[in-house]
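Novice: Have a peek at coords_29.cif (mmCIF, C-alpha atoms).
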data_input
loop_
_atom_site.label_atom_id
_atom_site.label_comp_id
_atom_site.auth_asym_id
_atom_site.auth_seq_id
_atom_site.Cartn_x
_atom_site.Cartn_y
_atom_site.Cartn_z
CA MET A 170 0.00 0.00 0.00
CA THR A 171 1.34 3.41 -0.96
CA ASP A 172 1.90 5.61 2.08
CA LEU A 173 -0.32 8.69 2.30
CA ALA A 174 2.50 10.85 3.66
CA VAL A 175 4.76 10.04 0.71
CA LEU A 176 2.11 10.96 -1.86
CA ALA A 177 1.04 14.12 -0.01
CA ILE A 178 4.61 15.36 0.41
CA GLY A 179 5.23 14.62 -3.26
CA LEU A 180 2.31 16.84 -4.22
CA GLY A 181 3.75 19.59 -2.03
CA VAL A 182 7.34 19.33 -3.26
CA ILE A 183 6.83 19.25 -7.04
CA PRO A 184 5.71 22.90 -7.49
CA LEU A 185 8.98 24.03 -5.86
CA ALA A 186 10.78 22.93 -9.04
CA ALA A 187 9.14 25.84 -10.87
CA ILE A 188 11.81 28.08 -9.32
CA LEU A 189 14.06 26.77 -12.12
CA LEU A 190 12.29 29.28 -14.38
CA TYR A 191 14.58 31.91 -12.88
CA SER A 192 17.32 30.37 -15.02
CA PHE A 193 15.25 31.39 -18.06
CA ARG A 194 14.25 34.83 -16.84
CA GLY A 195 15.10 36.47 -20.15
CA PHE A 196 12.81 34.13 -22.05
CA VAL A 197 9.97 34.66 -19.57
CA LEU A 198 10.25 38.45 -19.82
CA THR A 199 10.58 38.66 -23.62
CA ARG A 200 7.98 36.03 -24.63
CA ARG A 201 4.97 37.60 -23.00
CA GLU A 202 2.36 36.28 -25.42
CA ALA A 203 3.63 32.72 -25.25
CA VAL A 204 4.32 32.49 -21.51
CA TRP A 205 1.33 34.39 -20.15
CA GLY A 206 -0.99 33.09 -22.87
CA PHE A 207 -0.07 29.47 -22.16
CA LEU A 208 -0.50 29.92 -18.40
CA ALA A 209 -3.83 31.70 -18.99
CA GLY A 210 -5.06 28.54 -20.70
CA VAL A 211 -3.82 26.43 -17.79
CA LEU A 212 -5.53 28.73 -15.31
CA ALA A 213 -8.77 28.69 -17.30
CA PHE A 214 -8.89 24.91 -17.12
CA LEU A 215 -7.95 24.66 -13.44
CA ALA A 216 -10.44 27.33 -12.31
CA LEU A 217 -13.36 27.10 -14.72
CA GLY A 218 -13.02 23.51 -15.88
CA HIS A 219 -11.56 21.50 -13.03
CA ALA A 220 -12.62 23.34 -9.88
CA MET A 221 -16.09 24.32 -11.07
CA ALA A 222 -16.71 20.82 -12.38
CA ALA A 223 -15.96 19.50 -8.89
CA VAL A 224 -18.54 21.89 -7.43
CA LEU A 225 -21.22 20.73 -9.86
CA VAL A 226 -20.41 17.03 -9.54
CA ASN A 227 -20.48 17.19 -5.74
CA LYS A 228 -23.97 18.69 -5.74
CA SER A 229 -25.56 15.28 -6.18
CA LEU A 230 -23.57 13.90 -3.23
CA PHE A 231 -25.01 16.31 -0.65
CA GLY A 232 -28.44 14.73 -0.49
CA ASP A 233 -29.89 18.20 0.10
CA THR A 234 -30.05 20.62 -2.81
CA ALA A 235 -30.47 23.70 -0.62
CA ILE A 236 -27.30 22.94 1.37
CA ALA A 237 -25.38 22.16 -1.81
CA ILE A 238 -26.37 25.48 -3.40
CA ALA A 239 -25.60 27.40 -0.20
CA VAL A 240 -22.11 25.89 0.15
CA ALA A 241 -21.30 26.56 -3.50
CA PHE A 242 -22.67 30.12 -3.44
CA VAL A 243 -20.80 31.08 -0.27
CA GLY A 244 -17.58 29.57 -1.62
CA LEU A 245 -17.88 31.43 -4.93
CA ALA A 246 -18.61 34.68 -3.10
CA VAL A 247 -15.64 34.22 -0.76
CA GLY A 248 -13.26 33.49 -3.64
CA ALA A 249 -14.43 36.48 -5.67
CA GLY A 250 -14.27 38.70 -2.59
CA ILE A 251 -10.70 37.71 -1.74
CA ALA A 252 -9.54 38.21 -5.33
CA TRP A 253 -11.28 41.58 -5.60
CA LEU A 254 -9.81 42.85 -2.32
CA VAL A 255 -6.29 41.89 -3.36
CA LEU A 256 -6.52 43.02 -6.99
CA GLU A 257 -8.50 46.23 -6.49
CA GLY A 258 -8.23 47.00 -2.77
CA PRO A 259 -5.81 49.37 -1.03
CA PHE A 260 -3.78 46.66 0.69
CA ILE A 261 -1.17 46.04 -2.05
CA GLN A 262 -0.02 49.00 -4.09
CA LYS A 263 2.06 47.55 -6.92
CA GLU A 264 0.19 45.82 -9.73
CA PRO A 265 2.65 42.91 -10.19
CA ASN A 266 2.44 42.10 -6.50
CA ARG A 267 -1.35 42.06 -6.60
CA ILE A 268 -1.36 39.44 -9.33
CA LEU A 269 1.37 37.49 -7.58
CA TRP A 270 -0.44 37.25 -4.24
CA VAL A 271 -3.67 36.10 -5.87
CA ALA A 272 -1.65 33.48 -7.75
CA VAL A 273 -0.16 32.33 -4.43
CA ALA A 274 -3.65 32.04 -2.97
CA PHE A 275 -4.77 30.05 -6.01
CA LEU A 276 -1.86 27.62 -5.71
CA GLY A 277 -2.62 27.17 -2.02
CA LEU A 278 -6.29 26.49 -2.66
CA HIS A 279 -5.57 24.07 -5.48
CA SER A 280 -3.02 22.25 -3.33
CA LEU A 281 -5.58 22.07 -0.54
CA GLY A 282 -8.10 20.56 -2.95
CA ASP A 283 -5.58 18.03 -4.29
CA GLY A 284 -4.76 16.97 -0.75
CA LEU A 285 -8.43 16.49 0.14
CA VAL A 286 -8.98 14.29 -2.92
CA LEU A 287 -5.89 12.24 -2.12
CA GLY A 288 -6.81 11.82 1.55
CA ARG A 289 -10.32 10.70 0.70
CA ASP A 290 -8.92 7.53 -0.90
CA PHE A 291 -7.28 6.54 2.40
CA VAL A 292 -10.34 6.92 4.64
CA GLY A 293 -11.91 4.10 6.63
CA GLY A 294 -9.10 1.59 6.61
CA VAL A 295 -9.86 0.58 3.03
CA VAL A 296 -6.89 -0.25 0.83
CA PRO A 297 -6.59 2.85 -1.39
CA SER A 298 -7.00 2.54 -5.15
CA VAL A 299 -4.36 5.18 -5.94
CA GLN A 300 -2.72 4.28 -9.24
CA VAL A 301 1.05 4.74 -9.15
CA ASP A 302 2.87 4.09 -12.42
CA GLY A 303 5.28 5.91 -14.69
CA LEU A 304 2.60 7.64 -16.73
CA THR A 305 0.62 8.80 -13.72
CA ILE A 306 3.74 10.05 -11.94
CA GLY A 307 4.91 11.91 -15.05
CA ALA A 308 1.53 13.55 -15.55
CA THR A 309 1.37 14.52 -11.86
CA VAL A 310 4.83 16.08 -12.02
CA ALA A 311 3.87 18.09 -15.12
CA HIS A 312 0.55 19.09 -13.58
CA ARG A 313 2.05 20.32 -10.29
CA PHE A 314 5.09 21.92 -11.95
CA VAL A 315 2.98 24.14 -14.18
CA GLU A 316 0.90 25.14 -11.14
CA GLY A 317 4.11 26.36 -9.54
CA CYS A 318 4.79 28.36 -12.71
CA LEU A 319 1.57 30.30 -12.05
CA VAL A 320 3.41 31.83 -9.09
CA VAL A 321 6.96 32.04 -10.42
CA VAL A 322 6.13 33.87 -13.67
CA PRO A 323 4.33 36.76 -11.89
CA ALA A 324 7.24 36.83 -9.39
CA ILE A 325 9.75 37.25 -12.21
CA TRP A 326 7.55 39.90 -13.83
CA GLY A 327 7.38 41.73 -10.49
CA ALA A 328 11.19 41.66 -10.15
CA TRP A 329 11.16 39.40 -7.10
CA LYS A 330 14.40 37.66 -6.19
CA ALA A 331 14.48 33.88 -6.44
CA ARG A 332 14.75 33.23 -2.70
CA PRO A 333 11.55 35.06 -1.60
CA ALA A 334 9.75 33.64 -4.64
CA PHE A 335 10.76 30.16 -3.52
CA ALA A 336 9.33 30.90 -0.08
CA LEU A 337 5.97 31.73 -1.69
CA LEU A 338 5.92 28.32 -3.39
CA LEU A 339 5.90 26.64 0.02
CA VAL A 340 2.16 27.26 0.11
CA SER A 341 1.91 24.13 -2.05
CA PHE A 342 2.50 22.08 1.13
CA ALA A 343 -1.14 22.76 1.98
CA SER A 344 -1.67 19.44 0.22
CA VAL A 345 0.07 17.64 3.10
CA LEU A 346 -2.22 19.09 5.76
CA ALA A 347 -5.32 18.60 3.61
CA ALA A 348 -4.54 14.94 2.96
CA TYR A 349 -5.20 14.14 6.62
CA ILE A 350 -8.45 16.10 6.94
CA PRO A 351 -10.76 13.37 5.49
CA GLY A 352 -9.34 10.81 7.92
CA ALA A 353 -9.75 13.17 10.87
CA VAL A 354 -13.35 13.88 9.90
CA PHE A 355 -14.02 10.16 9.53
CA SER A 356 -12.76 9.52 13.06
CA ALA A 357 -14.42 12.51 14.72
CA TYR A 358 -18.00 12.45 13.42
CA GLY A 359 -20.91 10.07 13.04
CA SER A 360 -21.86 8.69 9.67
CA SER A 361 -24.46 11.33 8.72
CA VAL A 362 -22.39 14.35 9.73
CA ARG A 363 -19.25 12.72 8.36
CA SER A 364 -20.73 12.29 4.89
CA LEU A 365 -21.88 15.90 4.78
CA VAL A 366 -18.55 17.33 5.95
CA GLN A 367 -16.54 15.17 3.56
CA VAL A 368 -18.53 16.56 0.65
CA ALA A 369 -19.01 20.13 1.89
CA VAL A 370 -15.35 20.91 2.63
CA PRO A 371 -13.92 20.03 -0.82
CA THR A 372 -16.92 21.66 -2.51
CA PHE A 373 -16.40 24.87 -0.56
CA VAL A 374 -12.67 24.91 -1.33
CA ALA A 375 -13.29 24.22 -5.04
CA ALA A 376 -15.86 27.02 -5.23
CA ILE A 377 -13.42 29.52 -3.70
CA GLU A 378 -10.74 28.35 -6.13
CA ALA A 379 -13.06 28.71 -9.13
CA SER A 380 -14.11 32.32 -8.60
CA LEU A 381 -10.70 33.45 -7.37
CA GLY A 382 -9.09 31.82 -10.40
CA LEU A 383 -11.62 33.44 -12.73
CA LEU A 384 -10.73 36.95 -11.54
CA LEU A 385 -7.03 36.14 -11.64
CA LEU A 386 -7.49 35.04 -15.25
CA VAL A 387 -9.49 38.00 -16.55
CA ARG A 388 -7.81 40.67 -14.41
CA GLY A 389 -4.26 39.37 -14.47
CA PHE A 390 -3.08 36.75 -16.94
CA LEU A 391 -5.16 37.54 -20.03
CA PRO A 392 -4.55 41.33 -20.02
CA ILE A 393 -0.80 40.77 -19.71
CA ALA A 394 -0.81 38.15 -22.48
CA ALA A 395 -2.65 40.56 -24.77
CA ALA A 396 -0.76 43.71 -23.73
CA ASP A 397 1.49 43.74 -26.81
CA ARG A 398 -1.60 43.64 -29.05
CA GLY A 399 -0.30 40.60 -30.88
CA ASN A 400 -2.51 37.94 -32.42
CA ARG A 401 -0.80 34.83 -31.12
CA TRP A 402 -1.78 34.87 -27.46
CA PRO A 403 -5.22 33.26 -28.09
CA TRP A 404 -3.45 30.31 -29.72
CA TRP A 405 -1.09 29.98 -26.77
CA THR A 406 -4.07 30.14 -24.41
CA ALA A 407 -5.81 27.36 -26.32
CA LEU A 408 -2.59 25.32 -26.28
CA GLY A 409 -2.25 25.72 -22.52
CA PHE A 410 -5.86 24.68 -21.99
CA ILE A 411 -5.52 21.60 -24.19
CA ALA A 412 -2.18 20.59 -22.68
CA ILE A 413 -3.32 20.70 -19.05
CA SER A 414 -6.55 18.93 -20.04
CA LEU A 415 -4.57 16.05 -21.55
CA VAL A 416 -2.38 15.87 -18.44
CA HIS A 417 -5.46 15.54 -16.24
CA PHE A 418 -6.72 12.63 -18.33
CA PHE A 419 -3.87 10.62 -16.81
CA VAL A 420 -4.15 11.76 -13.18
CA GLU A 421 -7.92 11.86 -12.56
#
Could I get this file's structure written as C-alpha cells?

Specialist:
Amino acid sequence: MTDLAVLAIGLGVIPLAAILLYSFRGFVLTRREAVWGFLAGVLAFLALGHAMAAVLVNKSLFGDTAIAIAVAFVGLAVGAGIAWLVLEGPFIQKEPNRILWVAVAFLGLHSLGDGLVLGRDFVGGVVPSVQVDGLTIGATVAHRFVEGCLVVVPAIWGAWKARPAFALLLVSFASVLAAYIPGAVFSAYGSSVRSLVQVAVPTFVAAIEASLGLLLLVRGFLPIAAADRGNRWPWWTALGFIAISLVHFFVE
C-alpha cells in the first residue's frame, strides 16, 4: 500500500521545481504572449473547468439541494471577494504584487483541494486505489510543476528575487495538511455528519478556487498576455488549456 504521507509530500514538493524558471528569466520576460498566454489557458482549465466541475459534480452527493447550493454560493462569493480585495483593494499598491499574491492564494487552494482528494482515498481503513505508475507520476509532475509556474512567472515579472519567490511556493504544502483532513473527519463524526462534511469541505474549497481563479485570469493573466496587441496569445491560451486537459486525463 502506498503511504499517504509520501504521496502528499510529493504533491507539495513538485511545485517548488518551478523556481528553475529563474534560469530562463530572459525568455519569460521577452515572450509575454507565449508564456502568459499558455498559463492563462492552464488557469482557465484549473479554475473554470476542473474546480467548477468539482462543485457541480459534488452537488448530487449532498443529499440536500439547498445545502449544496448554499455551500457553492458562499464559496464562490468568498473566492471572488478575496480576489477583488487583493486586486483592487488598497492593501497592495504595486500591480505585479497584486497578481502574484492572488496566484499564491490560487496555488494554495488548489493544493488544498488536491490533498483532500488524495486523503479521501485513504479513509476508513480501506486499501486505497491510488494508481502509481510511470505515466501517472509523469503527468502529476507536469501538472504540479505548471501550477508552480503560475506563481513564479508573476514573481519574475514583479522583479522578485528567487529566494523570496521560492518561499511563496511553500504554500503548495497545503496538500500535506489537507490529505489528513478526510481521515480526521471520519474519526471525529458520526456517519451522517461525516458524509456531509466530507462533501461540503472540498466543494467549498473548489468554489473559492473557481471564482478566485476566474478573476485572476481575466484581471491578471489575459490582459498581460494581450498587452502587446499581438494575435498569437489566443493560440497559446488554447494550447495551454488543451495541454493541461490532456495531463489531467492521466491523473484523474

Novice: Translate the PyMOL selection byres ((chain A and resi 416) around 10) into a concrete residue list for this structure, as JSON, numbers by chain.

Specialist: {"A": [304, 305, 307, 308, 309, 310, 311, 312, 411, 412, 413, 414, 415, 417, 418, 419, 420, 421]}

Novice: Under the rule of at most 12 Å, produce a per-residue listing of segment 396-418 of chain A near segment 189-201 of chain A: chain, number, name, the closest pair of atoms, and the distance in Å, as a tab-separated table, using all atoms listed in the file.

Specialist:
residue	atom	partner	partner_atom	distance
A:Ala396	CA	A:Arg201	CA	8.4
A:Asp397	CA	A:Arg201	CA	8.0
A:Arg398	CA	A:Arg201	CA	10.8
A:Gly399	CA	A:Arg201	CA	9.9
A:Arg401	CA	A:Arg201	CA	10.3
A:Trp402	CA	A:Arg201	CA	8.5
A:Trp405	CA	A:Arg201	CA	10.4
A:Thr406	CA	A:Arg201	CA	11.8

Novice: Compile the contact shell of Trp205 of chain A as JSON, numbers by chain: residues with an atom at most 12 Å away, counting only C-alpha atoms, same-chain residues fewer than 6 positions apart removed.

Specialist: {"A": [196, 197, 198, 199, 211, 212, 213, 315, 318, 319, 320, 321, 322, 323, 325, 326, 386, 387, 389, 390, 391, 392, 393, 394, 395, 396, 397, 401, 402, 403, 404, 405, 406, 407, 408, 409]}

Novice: Here's a test: counting only C-alpha atoms, identify every protein, DNA and RNA residue with an atom at most 10 Å from (7.2, 21.2, -2.4) in the file's coordinate frame, and state them as a list in words.

Specialist: Ala177, Ile178, Gly179, Leu180, Gly181, Val182, Ile183, Pro184, Leu185, Ala186, Ala187, Arg313, Phe314, Gly317, Phe335, Leu338, Leu339, Val340, Ser341, Phe342, Ala343, Ser344 and Val345 of chain A

Novice: Would you put the residues from that selection into a file with C-alpha atoms, as a PDB file, in the frame of the given file?

Specialist:
ATOM      1  CA  ALA A 177       1.040  14.120  -0.010  1.00  0.00           C
ATOM      2  CA  ILE A 178       4.610  15.360   0.410  1.00  0.00           C
ATOM      3  CA  GLY A 179       5.230  14.620  -3.260  1.00  0.00           C
ATOM      4  CA  LEU A 180       2.310  16.840  -4.220  1.00  0.00           C
ATOM      5  CA  GLY A 181       3.750  19.590  -2.030  1.00  0.00           C
ATOM      6  CA  VAL A 182       7.340  19.330  -3.260  1.00  0.00           C
ATOM      7  CA  ILE A 183       6.830  19.250  -7.040  1.00  0.00           C
ATOM      8  CA  PRO A 184       5.710  22.900  -7.490  1.00  0.00           C
ATOM      9  CA  LEU A 185       8.980  24.030  -5.860  1.00  0.00           C
ATOM     10  CA  ALA A 186      10.780  22.930  -9.040  1.00  0.00           C
ATOM     11  CA  ALA A 187       9.140  25.840 -10.870  1.00  0.00           C
ATOM     12  CA  ARG A 313       2.050  20.320 -10.290  1.00  0.00           C
ATOM     13  CA  PHE A 314       5.090  21.920 -11.950  1.00  0.00           C
ATOM     14  CA  GLY A 317       4.110  26.360  -9.540  1.00  0.00           C
ATOM     15  CA  PHE A 335      10.760  30.160  -3.520  1.00  0.00           C
ATOM     16  CA  LEU A 338       5.920  28.320  -3.390  1.00  0.00           C
ATOM     17  CA  LEU A 339       5.900  26.640   0.020  1.00  0.00           C
ATOM     18  CA  VAL A 340       2.160  27.260   0.110  1.00  0.00           C
ATOM     19  CA  SER A 341       1.910  24.130  -2.050  1.00  0.00           C
ATOM     20  CA  PHE A 342       2.500  22.080   1.130  1.00  0.00           C
ATOM     21  CA  ALA A 343      -1.140  22.760   1.980  1.00  0.00           C
ATOM     22  CA  SER A 344      -1.670  19.440   0.220  1.00  0.00           C
ATOM     23  CA  VAL A 345       0.070  17.640   3.100  1.00  0.00           C
TER      24      VAL A 345
END

Novice: Enter the distance from atom CA of Val175 of chain A to atom CA of Val354 of chain A, in Å, rounded to one decimal.

Specialist: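 Between these atoms lies a distance of 20.7 Å.
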
Novice: Need the shell around Leu278 of chain A: protein/DNA/RNA residues with any atom at most 12 Å away, counting all atoms listed in the file. Skip same-chain ones fewer than 4 positions apart. Format as JSON, numbers by chain?

Specialist: {"A": [215, 216, 220, 244, 248, 271, 272, 273, 274, 282, 283, 284, 285, 316, 340, 341, 342, 343, 344, 346, 347, 370, 371, 372, 373, 374, 375, 376, 377, 378, 379, 380, 381, 382]}

Novice: Suppose you want the space between atom CA of Ile188 of chain A and atom CA of Val255 of chain A; what is it in Å?

Specialist: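 Computing the Euclidean distance for atom CA of Ile188 of chain A and atom CA of Val255 of chain A yields 23.5 Å.
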
Novice: Expanded to explicit residues, what is the PyMOL selection byres ((chain A and resi 289) around 10) for this file, as a PyMOL selection string?

Specialist: chain A and resi 284-288+290-293+297+347-352+355+367

Novice: For atom CA of Phe242 of chain A and atom CA of Ile268 of chain A, quote the distance in Å rounded to one decimal.

Specialist: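 Computed distance, atom CA of Phe242 of chain A to atom CA of Ile268 of chain A, equals 24.0 Å.
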
Novice: Check the smallest atom-to-atom distance from each of A:Ala324, A:Ala369, A:Gly303, A:Leu385 to Ile238 of chain A using only C-alpha atoms, then report the winner.

Specialist: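 Among the listed residues, the smallest separation from Ile238 of chain A belongs to A:Ala369.
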